[in-house]
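Input: a single structure, listed below in structure tokens.
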Amino acid sequence: MFNRNRCLRSAAAIASISSLVTGCGILSSDSSEDEGPIVVGTTSAPSTLDPAASWDGSWELFRNIYQTLLSYPNGATAPQPDAAKSCAFSDAANQVYRCELRDGLTFSNGHPLDAQAVKHSIDRIKKINVNGGPAGLLGSLDRVQAPSEHEVVFHLNKPDATFPFVLATPAMSIVDPAGYPANALRDADGIAGSGPYTLQSYKDGERAELVRNDRYKGFAERHNDAVTVRYFKDSAGMVKALRDHEIQATYRGLAADDIVTLQGKAAKEEELQLVEGTGAEISYLVFNPKDPWAGRKAVRQAVAQVIDRAAIAHQVYQDTVDPLYSMVPKGLTGHTTGFFDDYGDPSVSKARRILSDAGITEPVPLTLWYTTDRYGSETEAEFKELKRQLDGSGLFTVTLKSRPWKTYVEGYQKGEYPVFGRGWSPDFPDAENFIAPFVGEQNALGTPYAAPEITGELLPRSRRESDRANVEKDFERAQQILVNDARLLPLWQGKQYVAASDEISGAERALDPSTIMMMWQLSRKTSW
């Protein structure tokens, strides 16, 4: 998630993702009875509760308990006011952006949410500057002013028509200055936010209990009074809990086996529904340029030549994902198939020639790292398949290693891994969001990637253009640079699946354009 292009003309791409659902229609009125919280399961647990530290799936919780100046009401294709009453550029150069706050905003603890609180929230992201954190989103921001209680002014250091989309990301959540230090991450328990829900209780890696925030003033129309999010280690445990009526819906982390099963007749007999839609989540490998082997371009190119994406999609994921040949997924303006165009079908002989031309004649030792509890139950099987393919070529000897997400993040931010797997879900669906986050000295990977043509020429030019169709060539060029470097190796593009009991309504409306679940859209059906 990073500086992305957010223009009104990206509406078509956004709509294709936010509308999501081609699966079971879920139409009914909302329940008026209080039957306790709706319980939602996911395998994506937060890594932090402080927005200044998070550029990852923690945003899923943030969207529901914090508030941002702009956000995405259901059906919106561009950011709309939330904590703000209005926002707009006040100059022709797109370098001064002004927001006026709603009247009477407070945090859940009763403290006032004013312009100074907004300024504090944004400033601390840059001051704390967590490695791999959201400070990278604010590369175009020079300074923030709060000239009055209700007015916030953002001065940019260069034109950036995409800045409103940055403000709409959960990374820009507004926090209470009394509880969130200006120069350090919050270390106290609990959260003081102003979102649709308050965090009533939280147990790291186990559950988050959300209850209606009666002080909330924003666009969200809540269809329930409380939601409990349960965090599971794997899909099997999550689906068992759904079948046992311990949870009413699932979000991230359904395994391919479970998706296939939930598509069958047995699921209907169990009164379960599966909502399916287009997604923009991608999976990819990152090569560490400081590693003696992964840092060699020929090695990276040989890996790219050997890997069989179609086999991974079919054998591991049972075609619940699609092979991906560029960092920009299908469905977005600027998507290419650069890796297929340059490498073609998997070929051991071509890979051997790449290595021998670079003077490499012995099998290359590589260590591939993956996380055990972030991207779904198939991750281990995916990396075993990668090892099988690479070892089977006779050109590599692969060692697999893994860690839980929290320590995994620390490892790649310190540059400990030669090759490691990552997933990416967009802040919003635009080609920039799949390029800009990964390049430059400060990026979402914590692994510096100098790409001067992309960062100095292509991205700045694209940010001056509000019509995204006009920057397609720039994004195609950026992707070709990524293909040539082979520092990032795309593997597959995911689809969106939400499983729920038949009593639940609103699953088809609950995902925003960045595929973050808006828990307030869920409700119980009254009757049928």
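Following the order of the structure tokens, first chain is A, next is B, and so on, with residues numbered from 1 inside each chain and ligands from 1 in the order they appear.
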Report as a PyMOL selection string all protein, DNA and RNA residues lying within 9 Å of A:Val299, evaluated on only C-alpha atoms, omitting residues in the same chain fewer than 3 positions from it.
chain A and resi 293-296+302-304+351+354-355+358+360+364
Have a look at atom CA of A:Ser121 and atom CA of A:Gly104 and let me know their distance in Å, one decimal.
18.3 Å
Give the answer as one residue: which of A:Pro37, A:Pro329, A:Gly334, A:Pro460 has the shortest atom-to-atom distance to A:Ala161, using only C-alpha atoms?
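Counting only C-alpha atoms, the residue closest to A:Ala161 is A:Pro460.
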Which residues are near A:Arg143? Cut-off 9 Å, only C-alpha atoms, ignore same chain within fewer than 2 positions. Put them as a short mmCIF file (atom, residue, chain, number, x, y, z; two decimals) with N, CA and C atoms, in the first residue's frame.
```cif
data_model
loop_
_atom_site.label_atom_id
_atom_site.label_comp_id
_atom_site.auth_asym_id
_atom_site.auth_seq_id
_atom_site.Cartn_x
_atom_site.Cartn_y
_atom_site.Cartn_z
N ASP A 123 1.61 14.02 11.33
CA ASP A 123 3.00 14.37 11.63
C ASP A 123 3.76 13.23 12.30
N LEU A 141 4.23 14.88 0.83
CA LEU A 141 3.77 15.82 1.85
C LEU A 141 4.95 16.62 2.41
N GLN A 145 -0.73 22.07 8.28
CA GLN A 145 -1.11 23.20 9.10
C GLN A 145 -2.52 23.01 9.64
N VAL A 153 -4.74 22.02 6.50
CA VAL A 153 -4.17 22.33 5.20
C VAL A 153 -2.91 21.50 4.99
N PHE A 154 -2.86 20.77 3.89
CA PHE A 154 -1.71 19.94 3.54
C PHE A 154 -0.95 20.62 2.41
N HIS A 155 0.31 20.93 2.65
CA HIS A 155 1.17 21.52 1.63
C HIS A 155 2.06 20.42 1.06
N LEU A 156 1.98 20.22 -0.24
CA LEU A 156 2.74 19.15 -0.90
C LEU A 156 4.02 19.73 -1.51
N ASN A 157 5.05 18.90 -1.60
CA ASN A 157 6.32 19.35 -2.16
C ASN A 157 6.39 19.16 -3.67
#
```
For A:Asn131: contacts at 12 Å, only C-alpha atoms, fewer than 3 positions along chain excluded, given as a ChimeraX atom specification:
/A:52-55,125-128,134-136,409-415,441-448
In stretch 92-265 of chain A, DSSP helix (DSSP H, G or I) residues written as a count of residues only
44
Test item: residues at most 9 Å from A:Thr399, only C-alpha atoms, excluding those fewer than 3 positions along its chain, as a PDB file with N, CA and C atoms, in the first residue's frame:
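Output file result.pdb is given in full below:
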```pdb
ATOM      1  N   PRO A 365      22.783 -22.216  -4.259  1.00  0.00           N
ATOM      2  CA  PRO A 365      22.070 -22.385  -2.989  1.00  0.00           C
ATOM      3  C   PRO A 365      21.208 -21.158  -2.686  1.00  0.00           C
ATOM      4  N   LEU A 366      19.929 -21.390  -2.449  1.00  0.00           N
ATOM      5  CA  LEU A 366      19.012 -20.300  -2.121  1.00  0.00           C
ATOM      6  C   LEU A 366      18.168 -20.687  -0.906  1.00  0.00           C
ATOM      7  N   THR A 367      17.946 -19.746  -0.016  1.00  0.00           N
ATOM      8  CA  THR A 367      17.032 -19.945   1.102  1.00  0.00           C
ATOM      9  C   THR A 367      15.793 -19.094   0.867  1.00  0.00           C
ATOM     10  N   LEU A 368      14.648 -19.752   0.809  1.00  0.00           N
ATOM     11  CA  LEU A 368      13.370 -19.084   0.606  1.00  0.00           C
ATOM     12  C   LEU A 368      12.607 -19.041   1.925  1.00  0.00           C
ATOM     13  N   TRP A 369      12.175 -17.844   2.300  1.00  0.00           N
ATOM     14  CA  TRP A 369      11.437 -17.648   3.549  1.00  0.00           C
ATOM     15  C   TRP A 369       9.960 -17.368   3.263  1.00  0.00           C
ATOM     16  N   LYS A 387      10.096 -25.030  -4.179  1.00  0.00           N
ATOM     17  CA  LYS A 387      11.321 -25.807  -3.930  1.00  0.00           C
ATOM     18  C   LYS A 387      11.394 -26.998  -4.886  1.00  0.00           C
TER      19      LYS A 387
END
```
Excluding A:Gly423 and any residue of its chain fewer than 3 positions from it, enumerate the residues within 9 Å of it, using only C-alpha atoms, and give them as a ChimeraX atom specification.
/A:281-285,374-375
Those selected residues, please, written with N, CA and C atoms and delivered as a PDB file, in the first residue's frame.
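Saved file again.pdb follows:
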```pdb
ATOM      1  N   GLU A 281      -5.643  -8.943  -5.016  1.00  0.00           N
ATOM      2  CA  GLU A 281      -4.548  -9.408  -4.166  1.00  0.00           C
ATOM      3  C   GLU A 281      -3.528 -10.160  -5.014  1.00  0.00           C
ATOM      4  N   ILE A 282      -2.241  -9.918  -4.746  1.00  0.00           N
ATOM      5  CA  ILE A 282      -1.204 -10.632  -5.486  1.00  0.00           C
ATOM      6  C   ILE A 282      -0.227 -11.284  -4.512  1.00  0.00           C
ATOM      7  N   SER A 283       0.471 -12.298  -5.012  1.00  0.00           N
ATOM      8  CA  SER A 283       1.545 -12.956  -4.273  1.00  0.00           C
ATOM      9  C   SER A 283       2.817 -12.857  -5.106  1.00  0.00           C
ATOM     10  N   TYR A 284       3.947 -12.616  -4.449  1.00  0.00           N
ATOM     11  CA  TYR A 284       5.184 -12.422  -5.198  1.00  0.00           C
ATOM     12  C   TYR A 284       6.393 -12.758  -4.331  1.00  0.00           C
ATOM     13  N   LEU A 285       7.529 -12.943  -4.964  1.00  0.00           N
ATOM     14  CA  LEU A 285       8.793 -13.164  -4.274  1.00  0.00           C
ATOM     15  C   LEU A 285       9.632 -11.885  -4.329  1.00  0.00           C
ATOM     16  N   ARG A 374      -0.027 -15.797   7.729  1.00  0.00           N
ATOM     17  CA  ARG A 374      -0.496 -14.532   7.176  1.00  0.00           C
ATOM     18  C   ARG A 374      -1.329 -14.682   5.916  1.00  0.00           C
ATOM     19  N   TYR A 375      -0.861 -15.453   4.964  1.00  0.00           N
ATOM     20  CA  TYR A 375      -1.457 -15.434   3.632  1.00  0.00           C
ATOM     21  C   TYR A 375      -2.298 -16.667   3.310  1.00  0.00           C
TER      22      TYR A 375
END
```
With distances taken over only C-alpha atoms, which residue among A:Gly179, A:Gly75, A:Gly132, A:Pro81 lies nearest A:His111?
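Smallest separation from A:His111 among the options: A:Gly179.
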Shell around A:Ile435 at 12 Å using only C-alpha atoms, local window under 6 positions removed, as a count of residues only
36
From a DSSP pass on the backbone, collect the residues of stretch 332-455 of chain A flagged as strand (DSSP E or B) and hand them back as a list in words.
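Secondary structure check on stretch 332-455 of chain A, strand (DSSP E or B): Val364, Pro365, Leu366, Thr367, Leu368, Trp369, Tyr370, Thr371, Phe396, Thr397, Val398, Thr399, Leu400, Lys401, Ser402, Arg403, Val419, Phe420, Gly421, Arg422, Gly423, Trp424, Gly440 and Tyr449 of chain A.
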Let's have the selection written as a short mmCIF file (atom, residue, chain, number, x, y, z; two decimals), in the first residue's frame, with N, CA, C and O atoms.
```
data_model
loop_
_atom_site.label_atom_id
_atom_site.label_comp_id
_atom_site.auth_asym_id
_atom_site.auth_seq_id
_atom_site.Cartn_x
_atom_site.Cartn_y
_atom_site.Cartn_z
N VAL A 364 22.93 -23.41 -7.52
CA VAL A 364 22.90 -22.19 -6.71
C VAL A 364 22.14 -22.45 -5.40
O VAL A 364 20.99 -22.87 -5.44
N PRO A 365 22.78 -22.22 -4.26
CA PRO A 365 22.07 -22.38 -2.99
C PRO A 365 21.21 -21.16 -2.69
O PRO A 365 21.70 -20.03 -2.69
N LEU A 366 19.93 -21.39 -2.45
CA LEU A 366 19.01 -20.30 -2.12
C LEU A 366 18.17 -20.69 -0.91
O LEU A 366 17.71 -21.84 -0.81
N THR A 367 17.95 -19.75 -0.02
CA THR A 367 17.03 -19.95 1.10
C THR A 367 15.79 -19.09 0.87
O THR A 367 15.89 -17.87 0.71
N LEU A 368 14.65 -19.75 0.81
CA LEU A 368 13.37 -19.08 0.61
C LEU A 368 12.61 -19.04 1.92
O LEU A 368 12.42 -20.08 2.57
N TRP A 369 12.18 -17.84 2.30
CA TRP A 369 11.44 -17.65 3.55
C TRP A 369 9.96 -17.37 3.26
O TRP A 369 9.62 -16.72 2.27
N TYR A 370 9.11 -17.88 4.16
CA TYR A 370 7.68 -17.56 4.08
C TYR A 370 7.12 -17.44 5.49
O TYR A 370 7.73 -17.89 6.46
N THR A 371 5.97 -16.80 5.59
CA THR A 371 5.33 -16.66 6.89
C THR A 371 4.28 -17.74 7.10
O THR A 371 3.60 -18.15 6.14
N PHE A 396 19.39 -25.43 -8.81
CA PHE A 396 19.30 -24.80 -7.50
C PHE A 396 19.22 -25.85 -6.40
O PHE A 396 18.73 -26.97 -6.63
N THR A 397 19.68 -25.50 -5.23
CA THR A 397 19.42 -26.28 -4.02
C THR A 397 18.75 -25.34 -3.03
O THR A 397 19.36 -24.40 -2.54
N VAL A 398 17.48 -25.59 -2.78
CA VAL A 398 16.65 -24.64 -2.03
C VAL A 398 16.42 -25.14 -0.60
O VAL A 398 16.11 -26.31 -0.38
N THR A 399 16.59 -24.23 0.34
CA THR A 399 16.25 -24.47 1.73
C THR A 399 15.05 -23.59 2.08
O THR A 399 15.03 -22.40 1.74
N LEU A 400 14.05 -24.18 2.72
CA LEU A 400 12.86 -23.43 3.13
C LEU A 400 12.92 -23.11 4.61
O LEU A 400 13.27 -23.97 5.43
N LYS A 401 12.57 -21.89 4.96
CA LYS A 401 12.48 -21.48 6.35
C LYS A 401 11.24 -20.61 6.53
O LYS A 401 10.78 -19.97 5.58
N SER A 402 10.71 -20.59 7.76
CA SER A 402 9.48 -19.84 7.99
C SER A 402 9.43 -19.28 9.40
O SER A 402 10.14 -19.75 10.29
N ARG A 403 8.59 -18.27 9.57
CA ARG A 403 8.36 -17.65 10.87
C ARG A 403 6.93 -17.14 10.94
O ARG A 403 6.33 -16.83 9.90
N VAL A 419 15.64 -14.58 -0.10
CA VAL A 419 14.43 -14.53 -0.92
C VAL A 419 13.26 -14.73 0.03
O VAL A 419 13.29 -15.63 0.88
N PHE A 420 12.22 -13.92 -0.11
CA PHE A 420 11.07 -14.10 0.78
C PHE A 420 9.77 -13.79 0.07
O PHE A 420 9.72 -13.06 -0.92
N GLY A 421 8.71 -14.41 0.55
CA GLY A 421 7.39 -14.25 -0.05
C GLY A 421 6.60 -13.14 0.62
O GLY A 421 6.68 -12.95 1.83
N ARG A 422 5.87 -12.42 -0.19
CA ARG A 422 4.98 -11.38 0.30
C ARG A 422 3.67 -11.43 -0.47
O ARG A 422 3.60 -11.90 -1.60
N GLY A 423 2.63 -10.91 0.16
CA GLY A 423 1.36 -10.70 -0.51
C GLY A 423 1.05 -9.22 -0.49
O GLY A 423 1.60 -8.47 0.31
N TRP A 424 0.16 -8.81 -1.36
CA TRP A 424 -0.18 -7.39 -1.44
C TRP A 424 -1.65 -7.23 -1.81
O TRP A 424 -2.12 -7.79 -2.79
N GLY A 440 12.28 2.58 -4.48
CA GLY A 440 12.80 3.71 -3.72
C GLY A 440 13.52 3.25 -2.46
O GLY A 440 13.48 2.08 -2.07
N TYR A 449 15.16 -0.28 -2.99
CA TYR A 449 15.20 -0.66 -4.39
C TYR A 449 15.34 0.62 -5.21
O TYR A 449 14.35 1.31 -5.49
#
```
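Residue nearest A:Lys268 within the list A:Met519, A:Lys119, A:Leu332, A:Ser501: A:Ser501 [criterion: smallest interatomic distance, only C-alpha atoms].
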Can you tell me how far atom CA of A:Ser349 sits from atom CA of A:Ala310, in Å to one decimal?
18.8 Å
Point out the residue among A:Lys158, A:Arg464, A:Ala499, A:Ala450 with the least atom-to-atom distance to A:Met238, counting only C-alpha atoms.
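That would be A:Ala499, the residue with the smallest distance to A:Met238.
Among the candidates A:Ile38, A:Leu262, A:Leu199, A:Leu70, the residue lying nearest to A:Thr169 is A:Leu70 (atoms considered: only C-alpha atoms).
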